[in-house]
Structures are given as structure tokens and as C-alpha cells.
$ cat run_15.pdb   # PDB, C-alpha atoms
ATOM      1  CA  MET A 165     -79.621 -23.095  10.178
ATOM      2  CA  PRO A 166     -77.450 -25.056   7.691
ATOM      3  CA  PHE A 167     -77.549 -24.046   4.041
ATOM      4  CA  LYS A 168     -80.095 -25.802   1.865
ATOM      5  CA  ARG A 169     -79.519 -24.233  -1.564
ATOM      6  CA  TYR A 170     -75.985 -24.718  -2.878
ATOM      7  CA  VAL A 171     -74.172 -23.163  -5.766
ATOM      8  CA  GLU A 172     -73.613 -26.138  -8.064
ATOM      9  CA  ILE A 173     -73.677 -26.850 -11.740
ATOM     10  CA  GLY A 174     -77.294 -27.042 -12.742
ATOM     11  CA  ARG A 175     -78.608 -24.780  -9.974
ATOM     12  CA  VAL A 176     -81.375 -22.523 -11.280
ATOM     13  CA  ALA A 177     -81.082 -18.960 -10.043
ATOM     14  CA  LEU A 178     -83.057 -15.743 -10.376
ATOM     15  CA  VAL A 179     -81.227 -12.637 -11.564
ATOM     16  CA  ASN A 180     -81.917  -9.801  -9.146
ATOM     17  CA  TYR A 181     -79.858  -6.945 -10.608
ATOM     18  CA  GLY A 182     -78.858  -5.721 -14.000
ATOM     19  CA  LYS A 183     -79.942  -6.026 -17.592
ATOM     20  CA  ASP A 184     -81.427  -9.512 -17.164
ATOM     21  CA  TYR A 185     -83.378  -8.634 -14.021
ATOM     22  CA  GLY A 186     -86.108 -11.170 -13.257
ATOM     23  CA  LYS A 187     -84.828 -13.930 -15.523
ATOM     24  CA  LEU A 188     -84.303 -17.519 -14.510
ATOM     25  CA  VAL A 189     -80.783 -18.685 -15.376
ATOM     26  CA  VAL A 190     -78.819 -21.888 -14.874
ATOM     27  CA  ILE A 191     -75.374 -21.921 -13.278
ATOM     28  CA  VAL A 192     -73.314 -23.734 -15.849
ATOM     29  CA  ASP A 193     -69.808 -23.305 -14.381
ATOM     30  CA  VAL A 194     -68.069 -21.561 -11.495
ATOM     31  CA  ILE A 195     -65.349 -19.140 -12.561
ATOM     32  CA  ASP A 196     -63.890 -18.134  -9.213
ATOM     33  CA  GLN A 197     -64.985 -17.291  -5.714
ATOM     34  CA  ASN A 198     -67.313 -14.511  -6.860
ATOM     35  CA  ARG A 199     -68.464 -15.279 -10.359
ATOM     36  CA  ALA A 200     -70.352 -17.985 -12.190
ATOM     37  CA  LEU A 201     -70.829 -18.774 -15.832
ATOM     38  CA  VAL A 202     -74.527 -18.537 -16.378
ATOM     39  CA  ASP A 203     -76.809 -19.528 -19.247
ATOM     40  CA  ALA A 204     -80.481 -19.371 -20.205
ATOM     41  CA  PRO A 205     -82.406 -20.274 -23.360
ATOM     42  CA  ASP A 206     -82.968 -16.632 -24.307
ATOM     43  CA  MET A 207     -79.598 -15.080 -23.495
ATOM     44  CA  VAL A 208     -75.978 -15.381 -24.488
ATOM     45  CA  ARG A 209     -73.959 -17.439 -22.023
ATOM     46  CA  GLY A 210     -71.973 -15.058 -19.825
ATOM     47  CA  GLN A 211     -70.441 -14.450 -16.427
ATOM     48  CA  MET A 212     -72.363 -13.056 -13.498
ATOM     49  CA  ASN A 213     -71.387 -12.178  -9.968
ATOM     50  CA  PHE A 214     -73.075 -14.335  -7.325
ATOM     51  CA  LYS A 215     -74.302 -11.163  -5.692
ATOM     52  CA  ARG A 216     -76.535 -10.646  -8.713
ATOM     53  CA  LEU A 217     -78.135 -14.060  -8.316
ATOM     54  CA  THR A 218     -80.633 -15.484  -5.875
ATOM     55  CA  LEU A 219     -80.581 -19.271  -5.728
ATOM     56  CA  THR A 220     -83.828 -21.195  -6.102
ATOM     57  CA  ASP A 221     -84.762 -24.681  -4.996
ATOM     58  CA  ILE A 222     -84.677 -26.012  -8.538
ATOM     59  CA  LYS A 223     -81.710 -27.957  -9.829
ATOM     60  CA  ILE A 224     -81.302 -29.632 -13.181
ATOM     61  CA  ASP A 225     -79.036 -32.445 -14.296
ATOM     62  CA  ILE A 226     -76.348 -31.156 -16.632
ATOM     63  CA  LYS A 227     -72.641 -31.613 -17.170
ATOM     64  CA  ARG A 228     -70.200 -28.677 -16.823
ATOM     65  CA  VAL A 229     -70.813 -26.099 -19.630
ATOM     66  CA  PRO A 230     -73.260 -27.925 -21.877
ATOM     67  CA  ASN A 231     -74.055 -26.555 -25.319
ATOM     68  CA  LYS A 232     -77.258 -24.612 -25.802
ATOM     69  CA  LYS A 233     -79.222 -27.515 -27.270
ATOM     70  CA  THR A 234     -78.410 -29.844 -24.376
ATOM     71  CA  LEU A 235     -79.195 -27.124 -21.878
ATOM     72  CA  VAL A 236     -82.605 -26.438 -23.400
ATOM     73  CA  ALA A 237     -83.363 -30.172 -23.535
ATOM     74  CA  ALA A 238     -82.383 -30.566 -19.881
ATOM     75  CA  LEU A 239     -84.590 -27.627 -18.903
ATOM     76  CA  GLU A 240     -87.506 -29.210 -20.747
ATOM     77  CA  ALA A 241     -86.879 -32.587 -19.162
ATOM     78  CA  ALA A 242     -86.831 -31.160 -15.657
ATOM     79  CA  ASP A 243     -89.896 -29.026 -16.441
ATOM     80  CA  VAL A 244     -88.306 -26.011 -14.780
ATOM     81  CA  LYS A 245     -90.834 -23.524 -16.128
ATOM     82  CA  ASN A 246     -93.868 -25.249 -14.670
ATOM     83  CA  LYS A 247     -92.125 -26.040 -11.394
ATOM     84  CA  TRP A 248     -91.202 -22.384 -11.043
ATOM     85  CA  GLU A 249     -94.615 -21.034 -11.947
ATOM     86  CA  SER A 250     -96.357 -23.368  -9.511
ATOM     87  CA  SER A 251     -93.981 -22.600  -6.637
ATOM     88  CA  SER A 252     -95.168 -19.943  -4.195
ATOM     89  CA  TRP A 253     -92.206 -17.693  -5.036
ATOM     90  CA  GLY A 254     -92.906 -17.942  -8.756
ATOM     91  CA  ARG A 255     -96.610 -17.321  -8.260
ATOM     92  CA  LYS A 256     -95.904 -14.210  -6.179
ATOM     93  CA  LEU A 257     -93.744 -12.774  -8.951
ATOM     94  CA  ILE A 258     -96.442 -13.421 -11.532
ATOM     95  CA  VAL A 259     -99.016 -11.628  -9.371
ATOM     96  CA  GLN A 260     -96.665  -8.682  -8.859
ATOM     97  CA  LYS A 261     -96.154  -8.367 -12.609
ATOM     98  CA  LYS A 262     -99.876  -8.556 -13.243
ATOM     99  CA  ARG A 263    -100.619  -5.869 -10.665
ATOM    100  CA  ALA A 264     -97.963  -3.554 -12.107
ATOM    101  CA  SER A 265     -99.446  -3.822 -15.582
ATOM    102  CA  LEU A 266    -103.042  -3.121 -14.584
ATOM    103  CA  LYS A 267    -104.725  -0.354 -16.538
ATOM    104  CA  ASP A 268    -106.987   2.258 -14.986
ATOM    105  CA  PHE A 269    -110.162   0.454 -16.081
ATOM    106  CA  ASP A 270    -108.828  -2.850 -14.708
ATOM    107  CA  ARG A 271    -108.137  -1.239 -11.344
ATOM    108  CA  PHE A 272    -111.692   0.062 -11.304
ATOM    109  CA  LYS A 273    -113.140  -3.376 -12.071
ATOM    110  CA  ILE A 274    -111.016  -4.923  -9.331
ATOM    111  CA  MET A 275    -112.284  -2.331  -6.874
ATOM    112  CA  LEU A 276    -115.879  -3.246  -7.712
ATOM    113  CA  ALA A 277    -115.097  -6.945  -7.317
ATOM    114  CA  LYS A 278    -113.433  -6.370  -3.926
ATOM    115  CA  ILE A 279    -116.434  -4.421  -2.665
ATOM    116  CA  LYS A 280    -118.788  -7.149  -3.847
ATOM    117  CA  LYS A 281    -116.737  -9.894  -2.206
ATOM    118  CA  ALA A 282    -116.521  -7.952   1.045
ATOM    119  CA  GLY A 283    -120.290  -7.517   0.985
ATOM    120  CA  VAL A 284    -120.891 -11.228   0.597
ATOM    121  CA  VAL A 285    -118.420 -12.067   3.378
ATOM    122  CA  ARG A 286    -119.998  -9.524   5.691
ATOM    123  CA  GLN A 287    -123.449 -10.964   5.052
ATOM    124  CA  GLU A 288    -122.314 -14.476   5.945
ATOM    125  CA  LEU A 289    -120.556 -13.184   9.033
ATOM    126  CA  SER A 290    -123.603 -11.349  10.266
ATOM    127  CA  LYS A 291    -125.675 -14.511   9.733
ATOM    128  CA  LEU A 292    -123.224 -16.483  11.826
ATOM    129  CA  LYS A 293    -123.176 -13.801  14.490
ATOM    130  CA  LYS A 294    -126.954 -13.886  14.722
ATOM    131  CA  GLU A 295    -126.920 -17.639  15.279
ATOM    132  CA  THR A 296    -124.388 -17.563  18.102
ATOM    133  CA  THR A 297    -125.937 -14.679  20.067
ATOM    134  CA  CYS A 298    -129.431 -16.163  19.912
TER     135      CYS A 298
ATOM    136  CA  MET B 723     -61.170  10.711 -54.553
ATOM    137  CA  TYR B 724     -62.194   9.943 -58.113
ATOM    138  CA  HIS B 725     -62.607   6.258 -57.333
ATOM    139  CA  LYS B 726     -64.082   6.850 -53.885
ATOM    140  CA  ARG B 727     -66.916   8.955 -55.270
ATOM    141  CA  GLY B 728     -67.674   6.434 -57.961
ATOM    142  CA  LEU B 729     -67.124   8.961 -60.727
ATOM    143  CA  TRP B 730     -65.836   6.133 -62.957
ATOM    144  CA  ALA B 731     -69.238   4.444 -62.712
ATOM    145  CA  ILE B 732     -71.117   7.610 -63.601
ATOM    146  CA  LYS B 733     -68.867   8.108 -66.594
ATOM    147  CA  ALA B 734     -69.323   4.524 -67.750
ATOM    148  CA  LYS B 735     -73.093   4.699 -67.338
ATOM    149  CA  ASN B 736     -73.203   7.811 -69.484
ATOM    150  CA  GLY B 737     -70.986   6.497 -72.283
ATOM    151  CA  GLY B 738     -67.556   7.893 -71.570
ATOM    152  CA  THR B 739     -68.357  11.468 -70.506
ATOM    153  CA  PHE B 740     -69.934  13.102 -67.522
ATOM    154  CA  PRO B 741     -73.671  13.871 -67.921
ATOM    155  CA  LYS B 742     -74.196  17.513 -68.804
ATOM    156  CA  HIS B 743     -77.257  19.606 -68.988
ATOM    157  CA  GLU B 744     -77.426  22.641 -71.205
ATOM    158  CA  LYS B 745     -77.188  26.019 -69.650
ATOM    159  CA  LYS B 746     -80.278  28.124 -69.801
ATOM    160  CA  ALA B 747     -79.981  31.076 -72.163
ATOM    161  CA  ALA B 748     -79.179  34.068 -70.003
ATOM    162  CA  GLU B 749     -82.193  36.345 -69.744
ATOM    163  CA  ALA B 750     -81.655  40.030 -70.328
ATOM    164  CA  ALA B 751     -81.872  41.626 -66.896
ATOM    165  CA  PRO B 752     -84.543  44.375 -66.881
ATOM    166  CA  ALA B 753     -82.948  47.838 -66.814
ATOM    167  CA  GLU B 754     -83.312  49.276 -63.295
ATOM    168  CA  LYS B 755     -83.591  52.988 -62.765
ATOM    169  CA  PRO B 756     -81.587  54.395 -59.873
ATOM    170  CA  PRO B 757     -83.958  55.275 -56.971
ATOM    171  CA  LYS B 758     -84.766  58.985 -56.711
ATOM    172  CA  PHE B 759     -84.915  58.995 -52.909
ATOM    173  CA  TYR B 760     -82.494  57.549 -50.380
ATOM    174  CA  PRO B 761     -83.696  57.657 -46.756
ATOM    175  CA  ALA B 762     -81.421  59.534 -44.316
ATOM    176  CA  ASP B 763     -81.078  56.668 -41.805
ATOM    177  CA  ASP B 764     -80.825  52.991 -42.526
ATOM    178  CA  VAL B 765     -84.005  51.406 -41.200
ATOM    179  CA  LYS B 766     -83.763  47.688 -40.447
ATOM    180  CA  LYS B 767     -86.388  45.515 -42.074
ATOM    181  CA  PRO B 768     -87.903  42.778 -39.925
ATOM    182  CA  LEU B 769     -86.633  39.292 -40.762
ATOM    183  CA  VAL B 770     -88.728  36.919 -42.837
ATOM    184  CA  ASN B 771     -90.824  34.470 -40.767
ATOM    185  CA  LYS B 772     -92.352  31.638 -42.790
ATOM    186  CA  ARG B 773     -93.658  29.583 -39.838
ATOM    187  CA  LYS B 774     -97.245  28.432 -40.020
ATOM    188  CA  ALA B 775     -99.479  28.023 -37.025
ATOM    189  CA  ARG B 776    -100.437  24.375 -36.565
ATOM    190  CA  PRO B 777    -102.574  22.645 -33.966
ATOM    191  CA  THR B 778    -100.530  21.088 -31.147
ATOM    192  CA  LYS B 779     -99.121  17.686 -31.956
ATOM    193  CA  LEU B 780    -101.507  15.089 -30.575
ATOM    194  CA  ARG B 781     -99.967  12.432 -28.342
ATOM    195  CA  ALA B 782     -99.979   9.001 -29.960
ATOM    196  CA  SER B 783    -101.960   7.589 -27.061
ATOM    197  CA  ILE B 784    -104.903   9.938 -27.725
ATOM    198  CA  THR B 785    -107.151   8.650 -30.530
ATOM    199  CA  PRO B 786    -110.871   9.314 -31.092
ATOM    200  CA  GLY B 787    -112.792   7.340 -28.492
ATOM    201  CA  THR B 788    -110.043   7.271 -25.868
ATOM    202  CA  VAL B 789    -111.094   7.711 -22.260
ATOM    203  CA  LEU B 790    -109.184  10.658 -20.791
ATOM    204  CA  ILE B 791    -108.755  11.722 -17.173
ATOM    205  CA  ILE B 792    -109.063  15.494 -16.716
ATOM    206  CA  LEU B 793    -106.533  16.782 -14.224
ATOM    207  CA  ALA B 794    -107.485  20.392 -13.549
ATOM    208  CA  GLY B 795    -110.432  22.702 -13.479
ATOM    209  CA  ARG B 796    -113.979  22.137 -12.388
ATOM    210  CA  PHE B 797    -114.052  18.597 -13.717
ATOM    211  CA  LYS B 798    -110.767  17.396 -12.297
ATOM    212  CA  GLY B 799    -110.619  13.661 -11.859
ATOM    213  CA  LYS B 800    -113.486  13.040 -14.261
ATOM    214  CA  ARG B 801    -113.109  10.321 -16.844
ATOM    215  CA  VAL B 802    -114.254  11.604 -20.178
ATOM    216  CA  VAL B 803    -114.484  10.480 -23.828
ATOM    217  CA  PHE B 804    -112.266  12.173 -26.445
ATOM    218  CA  LEU B 805    -114.008  13.088 -29.709
ATOM    219  CA  LYS B 806    -111.598  15.046 -31.881
ATOM    220  CA  GLN B 807    -108.872  17.654 -31.924
ATOM    221  CA  LEU B 808    -109.994  21.139 -32.969
ATOM    222  CA  THR B 809    -107.962  23.440 -35.213
ATOM    223  CA  SER B 810    -106.827  25.471 -32.206
ATOM    224  CA  GLY B 811    -105.164  22.337 -30.800
ATOM    225  CA  LEU B 812    -107.636  21.870 -27.952
ATOM    226  CA  LEU B 813    -109.345  18.524 -27.524
ATOM    227  CA  LEU B 814    -113.117  18.234 -27.941
ATOM    228  CA  VAL B 815    -114.424  16.085 -25.161
ATOM    229  CA  THR B 816    -117.766  14.938 -23.767
ATOM    230  CA  GLY B 817    -118.788  13.200 -20.497
ATOM    231  CA  PRO B 818    -121.234  11.952 -21.801
ATOM    232  CA  PHE B 819    -123.303  14.514 -19.953
ATOM    233  CA  LYS B 820    -125.828  12.025 -18.615
ATOM    234  CA  ILE B 821    -123.144   9.818 -17.143
ATOM    235  CA  ASN B 822    -120.855  12.261 -15.399
ATOM    236  CA  GLY B 823    -122.058  15.805 -15.981
ATOM    237  CA  VAL B 824    -119.274  16.864 -18.328
ATOM    238  CA  PRO B 825    -120.812  18.608 -21.376
ATOM    239  CA  LEU B 826    -119.287  19.017 -24.828
ATOM    240  CA  ARG B 827    -116.195  20.907 -23.828
ATOM    241  CA  ARG B 828    -112.730  21.893 -24.950
ATOM    242  CA  VAL B 829    -109.776  20.734 -22.895
ATOM    243  CA  ASN B 830    -106.043  21.254 -23.252
ATOM    244  CA  GLN B 831    -103.927  18.210 -23.986
ATOM    245  CA  SER B 832    -101.471  19.057 -21.213
ATOM    246  CA  TYR B 833    -104.129  18.767 -18.525
ATOM    247  CA  VAL B 834    -105.163  15.279 -19.452
ATOM    248  CA  ILE B 835    -104.002  11.712 -18.843
ATOM    249  CA  ALA B 836    -104.824   9.332 -21.664
ATOM    250  CA  THR B 837    -105.918   5.873 -20.534
ATOM    251  CA  SER B 838    -105.731   2.886 -22.822
ATOM    252  CA  THR B 839    -109.492   2.289 -22.649
ATOM    253  CA  LYS B 840    -111.209   3.049 -25.956
ATOM    254  CA  VAL B 841    -114.899   3.589 -26.674
ATOM    255  CA  ASP B 842    -116.433   2.907 -30.054
ATOM    256  CA  ILE B 843    -117.103   6.338 -31.520
ATOM    257  CA  SER B 844    -118.175   5.426 -35.042
ATOM    258  CA  GLY B 845    -121.824   6.371 -34.581
ATOM    259  CA  VAL B 846    -121.045   9.956 -33.580
ATOM    260  CA  ASN B 847    -120.924  12.903 -35.967
ATOM    261  CA  VAL B 848    -118.622  15.645 -34.716
ATOM    262  CA  GLU B 849    -118.202  17.582 -37.954
ATOM    263  CA  LYS B 850    -120.136  20.623 -36.880
ATOM    264  CA  PHE B 851    -118.094  21.409 -33.757
ATOM    265  CA  ASP B 852    -115.223  23.838 -34.068
ATOM    266  CA  ASP B 853    -113.648  26.592 -31.989
ATOM    267  CA  LYS B 854    -116.226  29.172 -33.045
ATOM    268  CA  TYR B 855    -119.005  27.026 -31.572
ATOM    269  CA  PHE B 856    -117.395  27.421 -28.166
ATOM    270  CA  GLY B 857    -116.488  31.071 -28.423
ATOM    271  CA  LYS B 858    -118.087  33.709 -26.208
ATOM    272  CA  LYS B 859    -121.176  35.250 -27.708
ATOM    273  CA  VAL B 860    -120.646  38.911 -28.705
ATOM    274  CA  GLU B 861    -123.395  41.142 -27.350
ATOM    275  CA  LYS B 862    -124.542  44.273 -29.042
ATOM    276  CA  LYS B 863    -123.603  47.462 -27.262
ATOM    277  CA  LYS B 864    -126.384  49.043 -25.302
ATOM    278  CA  LYS B 865    -126.669  52.616 -24.241
ATOM    279  CA  LYS B 866    -125.561  53.201 -20.704
ATOM    280  CA  GLY B 867    -128.444  53.393 -18.296
ATOM    281  CA  GLU B 868    -129.093  52.344 -14.760
ATOM    282  CA  GLY B 869    -131.645  50.263 -12.929
ATOM    283  CA  GLU B 870    -133.570  48.497 -15.677
ATOM    284  CA  PHE B 871    -130.417  47.853 -17.693
ATOM    285  CA  PHE B 872    -128.748  45.778 -14.987
ATOM    286  CA  GLU B 873    -131.786  43.657 -14.289
ATOM    287  CA  ALA B 874    -132.301  42.843 -17.944
ATOM    288  CA  GLU B 875    -128.698  41.705 -18.367
ATOM    289  CA  LYS B 876    -128.799  39.280 -15.507
ATOM    290  CA  GLU B 877    -131.822  37.439 -16.840
ATOM    291  CA  GLU B 878    -130.323  36.767 -20.259
ATOM    292  CA  LYS B 879    -126.964  35.311 -19.371
ATOM    293  CA  ASN B 880    -127.696  32.215 -17.310
ATOM    294  CA  THR B 881    -129.417  29.734 -19.627
ATOM    295  CA  LEU B 882    -127.841  27.554 -22.311
ATOM    296  CA  PRO B 883    -129.472  27.939 -25.726
ATOM    297  CA  GLN B 884    -131.696  25.017 -26.639
ATOM    298  CA  ASP B 885    -129.754  24.080 -29.774
ATOM    299  CA  LYS B 886    -126.623  23.420 -27.707
ATOM    300  CA  LYS B 887    -128.614  21.154 -25.435
ATOM    301  CA  ASP B 888    -129.893  19.279 -28.478
ATOM    302  CA  ASP B 889    -126.363  18.907 -29.854
ATOM    303  CA  GLN B 890    -125.302  17.395 -26.551
ATOM    304  CA  LYS B 891    -128.187  14.931 -26.685
ATOM    305  CA  THR B 892    -127.473  13.761 -30.237
ATOM    306  CA  VAL B 893    -123.768  13.252 -29.578
ATOM    307  CA  ASP B 894    -124.417  11.439 -26.338
ATOM    308  CA  ALA B 895    -127.153   9.161 -27.666
ATOM    309  CA  ALA B 896    -124.816   7.226 -29.944
ATOM    310  CA  LEU B 897    -122.016   7.258 -27.371
ATOM    311  CA  ILE B 898    -124.109   5.954 -24.502
ATOM    312  CA  ALA B 899    -125.279   3.049 -26.644
ATOM    313  CA  SER B 900    -121.698   1.925 -27.295
ATOM    314  CA  ILE B 901    -120.723   2.553 -23.657
ATOM    315  CA  GLU B 902    -123.477   0.354 -22.297
ATOM    316  CA  ALA B 903    -122.269  -2.462 -24.504
ATOM    317  CA  VAL B 904    -119.146  -2.805 -22.330
ATOM    318  CA  PRO B 905    -119.798  -4.052 -18.766
ATOM    319  CA  ASP B 906    -118.853  -1.633 -15.947
ATOM    320  CA  LEU B 907    -117.794   1.089 -18.397
ATOM    321  CA  LYS B 908    -120.738   3.300 -17.498
ATOM    322  CA  SER B 909    -119.949   3.303 -13.782
ATOM    323  CA  TYR B 910    -116.258   3.711 -14.643
ATOM    324  CA  LEU B 911    -116.996   6.926 -16.515
ATOM    325  CA  GLY B 912    -119.266   8.099 -13.721
ATOM    326  CA  ALA B 913    -116.564   7.712 -11.063
ATOM    327  CA  ARG B 914    -113.790  10.223 -10.454
ATOM    328  CA  PHE B 915    -110.133   9.238 -10.472
ATOM    329  CA  SER B 916    -108.074   9.871  -7.362
ATOM    330  CA  LEU B 917    -104.712   8.769  -6.037
ATOM    331  CA  LYS B 918    -105.062   6.431  -3.099
ATOM    332  CA  ALA B 919    -102.482   5.304  -0.556
ATOM    333  CA  GLY B 920     -99.642   3.374  -2.135
ATOM    334  CA  MET B 921    -100.341   4.493  -5.705
ATOM    335  CA  LYS B 922     -97.208   5.850  -7.291
ATOM    336  CA  PRO B 923     -98.094   7.892 -10.400
ATOM    337  CA  HIS B 924     -94.766   7.235 -12.097
ATOM    338  CA  GLU B 925     -95.323   3.481 -11.752
ATOM    339  CA  LEU B 926     -98.990   3.407 -12.708
ATOM    340  CA  VAL B 927     -99.961   2.147 -16.123
ATOM    341  CA  PHE B 928    -102.954   3.974 -17.471
TER     342      PHE B 928
END

$ encode --input "run_15.pdb" --output "C-alpha cells"
Amino acid sequence: MPFKRYVEIGRVALVNYGKDYGKLVVIVDVIDQNRALVDAPDMVRGQMNFKRLTLTDIKIDIKRVPNKKTLVAALEAADVKNKWESSSWGRKLIVQKKRASLKDFDRFKIMLAKIKKAGVVRQELSKLKKETTC
Amino acid sequence: MYHKRGLWAIKAKNGGTFPKHEKKAAEAAPAEKPPKFYPADDVKKPLVNKRKARPTKLRASITPGTVLIILAGRFKGKRVVFLKQLTSGLLLVTGPFKINGVPLRRVNQSYVIATSTKVDISGVNVEKFDDKYFGKKVEKKKKKGEGEFFEAEKEEKNTLPQDKKDDQKTVDAALIASIEAVPDLKSYLGARFSLKAGMKPHELVF
């Protein structure tokens, strides 16, 4: 029931609306009740409304408004990228992206693989069923 | 205006004066006789049209060897290999026939989705195919009769001439060899495409 993810300096957030949709950004300062100053290695530091951000579990150790070099170093030190990509949320997003970019031939190959897997599972199941009934 | 247009630089480059070219000597205009007949009404001449007929612009995604999905007609849904664009703008396409039953055929670019799968087409010679190859055969006029005439006609029309069958075989032989080199490609070309539940065409990447 209580909040677990707080808006604080160093909180890593996911942008869920706008030009930078899908990017991971770091909250670097709080401007007022609704907006934060936000920064990422591949974008210009700028303000963003909190409604455009979804907070993640990851937090890094930085001082208020660090310069780009320090920010990048802190991100490396905390290993944000790997933590994100190994988290279940991060993995889900990667899978979604992969599925969206599948070509027609890839979809066909996946269909064949699914049918094969289902066949193997069904065989094992029928073996097990035979054992229990007899 | 003089400085804005850089006229000072042109002058300096040409040694103080503007570059001139000499006028051509005026040619003596040939003496025209007044016409001896003026028409009663002014008839409008049709305007000049210098446009040339060109084959339709080929989409950048369609290159020789691309796998296309045919969207309409008897072969709708079939995945087919693109060979070349003919001078009429239509695309020359083949199944290959052994794999999915689509023969050497012409297809319009608008009725086709281009996938990003490419087949190696270097071993295939498509020089001899053009629009005339696919045109309807003109039959000689026969005298009108009844009975025998109708029966004779029906027998002739149904079979494909043997040389077209041989063309199909030669084109397909090289193609099938390069298709079998890629795993699953043969069954891919043999299967039809269809939209299943949850597939949104505007979000699909082909």
C-alpha cells in the first residue's frame, strides 16, 4: 500500500509519452510540483512533466544537476543498462520490440517452431497419460 | 543591388568590364508568300503533348529476387518470386511453379506486398520474356459454319504449348536450387499468407 518508488534525484524513469517515448532517463532535479529536469546520455537535458514518466526501481547516486560526463560515469558505475535489461519489465519491452519488428519470413519460421514444440510437448503428455491410466 | 549580386566580382574577374559575347549575325529571314487561302472559321489546333509513356515507377522495396505476396486474383495470398519489370510496367513473377503452382505470370505492382526476403536470382535468364510473350494468341479467321467448327475450336484452346512449359522449367531450375539453399524458404513459398487474429496490417513489418 505505501509508495515504494519515489521521485528523487537519481531516480531512473521510463518516458511513456512524447518524442522520447521508450527512453530511460534520470531525474536530475525537480522544478516544481509537476515537472522534473531530466537527462539521459543521448538527449539534451530538459524538463518533463511527471505524467510523462513512469518511475522504475533503479536509482543512481548523483548530486543535483550533474554535468553530462559525471552523469554518464554514474550510469556506468551503477550498471543501469544491464540491470534494466535483466529486469522482468525491461525484458518484456525487449520482447515486444522484437515481435513488432518481425518480418513475414520470421513469423513463418516462428510458426513452424511453435508447431514443432507443441508436437513434442503433446508426445510427452500422451506418454505420461498412458503411464497413469495403466 | 550591384554589391548584393556580386557584379563587382564578375567585373574584376573579367578585367574591368562585364563579359560580353558577340551577337550572331542576323540571318536574312526567308521571304514568305502570303497564303492564298484563309479558312472561313478559325479551327483550334490541339495543344502540343510531349509526354512519353514510361513503365510505372517501381517501388524501392521491389528488387529482382524479392519475395512478393499477391493480394488479388486466383493466386491471392501466394508468396512469389519477382523476376523483372516489363516495359508495360507489370511485374514478371514466378512461383516457382513446382513449389506453389504459380507459373511465369505478369502481376500489377499495386496488387502486391513486397516482403524483405530476397532470393538469389543470378542464375536465371529472363531476357526473352516481354509483354508480347504473354499476349493472347491471334487466331486466323475461319468461315462461319456449324457443328464441326465448334468442336474443333474447343479441342485447340485448352493446352499450353510445350515451349512455354520448357521456359517455365528452365527458369525454375536455377531458382529452386537457390531456394533450397535457405532453410524453410521452400515451405514458406509454398504456404499462403493470411491475416490471423490480432494481426494489424498497418503495424506489420513485411

$ closest_atom_pairs --input "run_15.pdb" --of "chain A" --to "chain B" --cutoff "10 Å" --atoms "only C-alpha atoms" --output "tab-separated table"
residue	atom	partner	partner_atom	distance
A:Arg263	CA	B:Leu926	CA	9.6
A:Ala264	CA	B:Leu926	CA	7.1
A:Ser265	CA	B:Val927	CA	6.0
A:Leu266	CA	B:Val927	CA	6.3
A:Lys267	CA	B:Phe928	CA	4.8
A:Asp268	CA	B:Phe928	CA	5.0
A:Phe269	CA	B:Thr839	CA	6.9
A:Asp270	CA	B:Phe928	CA	9.4
A:Arg271	CA	B:Phe928	CA	9.6
A:Phe272	CA	B:Tyr910	CA	6.7
A:Lys273	CA	B:Asp906	CA	7.1
A:Leu276	CA	B:Asp906	CA	8.9

$ resolve_selection --input "run_15.pdb" --expression "the PyMOL selection byres ((chain A and resi 219-229) around 9)" --output "PyMOL selection string"
chain A and resi 168-179+190-193+201+203+217-218+230-231+234-235+238-239+241-242+244+247-248

$ atom_distance --input "run_15.pdb" --atom1 "CA of Ile732 (chain B)" --atom2 "CA of Glu744 (chain B)"
18.0 Å

$ axis_aligned_box --input "run_15.pdb" --around "region 773-786 of chain B" --padding-each-side "6 Å" --output "AutoDock Vina command-line options"
--center_x -102.3 --center_y 18.6 --center_z -33.5 --size_x 29.2 --size_y 34.0 --size_z 25.0

$ residues_near_point --input "run_15.pdb" --point "(-125.4, 13.7, -21.5)" --cutoff "12 Å" --atoms "only C-alpha atoms" --output "ChimeraX atom specification"
/B:802-803,815-827,886-899,911-912

$ residues_near_point --input "run_15.pdb" --point "(-66.7, -15.5, -2.0)" --cutoff "10 Å" --atoms "all atoms listed in the file" --output "NGL selection string"
:A and (196-199 or 213-215)

$ write_last_selection --input "run_15.pdb" --atoms "C-alpha atoms" --output "short mmCIF file (atom, residue, chain, number, x, y, z; two decimals), in the coordinates of the input"
data_model
loop_
_atom_site.label_atom_id
_atom_site.label_comp_id
_atom_site.auth_asym_id
_atom_site.auth_seq_id
_atom_site.Cartn_x
_atom_site.Cartn_y
_atom_site.Cartn_z
CA ASP A 196 -63.89 -18.13 -9.21
CA GLN A 197 -64.98 -17.29 -5.71
CA ASN A 198 -67.31 -14.51 -6.86
CA ARG A 199 -68.46 -15.28 -10.36
CA ASN A 213 -71.39 -12.18 -9.97
CA PHE A 214 -73.08 -14.34 -7.32
CA LYS A 215 -74.30 -11.16 -5.69
#

$ atom_distance --input "run_15.pdb" --atom1 "CA of Pro923 (chain B)" --atom2 "CA of Val829 (chain B)"
21.4 Å

$ resolve_selection --input "run_15.pdb" --expression "the PyMOL selection byres ((chain B and resi 852) around 12)" --output "list in words"
Leu805, Lys806, Gln807, Leu808, Thr809, Ser810, Gly811, Leu812, Leu813, Leu814, Val815, Leu826, Arg827, Arg828, Val848, Glu849, Lys850, Phe851, Asp853, Lys854, Tyr855, Phe856 and Gly857 of chain B

$ atom_distance --input "run_15.pdb" --atom1 "CA of Gly182 (chain A)" --atom2 "CA of Ala200 (chain A)"
15.0 Å

$ residues_around --input "run_15.pdb" --residues "Ala782 (chain B)" --least-positions-apart "2" --cutoff "12 Å" --atoms "all atoms listed in the file" --output "ChimeraX atom specification"
/B:779-780,784-786,788,831,836-838

$ residues_around --input "run_15.pdb" --residues "Leu729 (chain B)" --least-positions-apart "6" --cutoff "10 Å" --atoms "only C-alpha atoms" --output "NGL selection string"
:B and (723 or 735 or 740)

$ write_last_selection --input "run_15.pdb" --atoms "C-alpha atoms" --output "PDB file, keeping the file's coordinate frame"
ATOM      1  CA  MET B 723     -61.170  10.711 -54.553  1.00  0.00           C
ATOM      2  CA  LYS B 735     -73.093   4.699 -67.338  1.00  0.00           C
ATOM      3  CA  PHE B 740     -69.934  13.102 -67.522  1.00  0.00           C
TER       4      PHE B 740
END

$ residues_around --input "run_15.pdb" --residues "Met207 (chain A)" --least-positions-apart "6" --cutoff "10 Å" --atoms "all atoms listed in the file" --output "list in words"
Asp184, Lys187 and Val189 of chain A

$ decode --input "run_15.pdb" --residues "region 896-911 of chain B" --atoms "C-alpha atoms" --output "CSV table (one decimal), in the first residue's frame"
chain,number,residue,atom,x,y,z
B,896,ALA,CA,18.0,-22.3,-61.2
B,897,LEU,CA,15.6,-20.6,-58.8
B,898,ILE,CA,14.7,-23.8,-56.9
B,899,ALA,CA,18.4,-24.5,-56.4
B,900,SER,CA,19.0,-21.2,-54.7
B,901,ILE,CA,15.7,-21.5,-52.8
B,902,GLU,CA,16.7,-24.9,-51.3
B,903,ALA,CA,19.9,-23.4,-50.1
B,904,VAL,CA,17.9,-21.3,-47.5
B,905,PRO,CA,16.3,-23.4,-44.7
B,906,ASP,CA,12.4,-23.2,-44.6
B,907,LEU,CA,12.3,-21.0,-47.6
B,908,LYS,CA,10.7,-23.7,-49.8
B,909,SER,CA,7.8,-24.3,-47.4
B,910,TYR,CA,7.5,-20.5,-46.9
B,911,LEU,CA,6.9,-20.1,-50.6
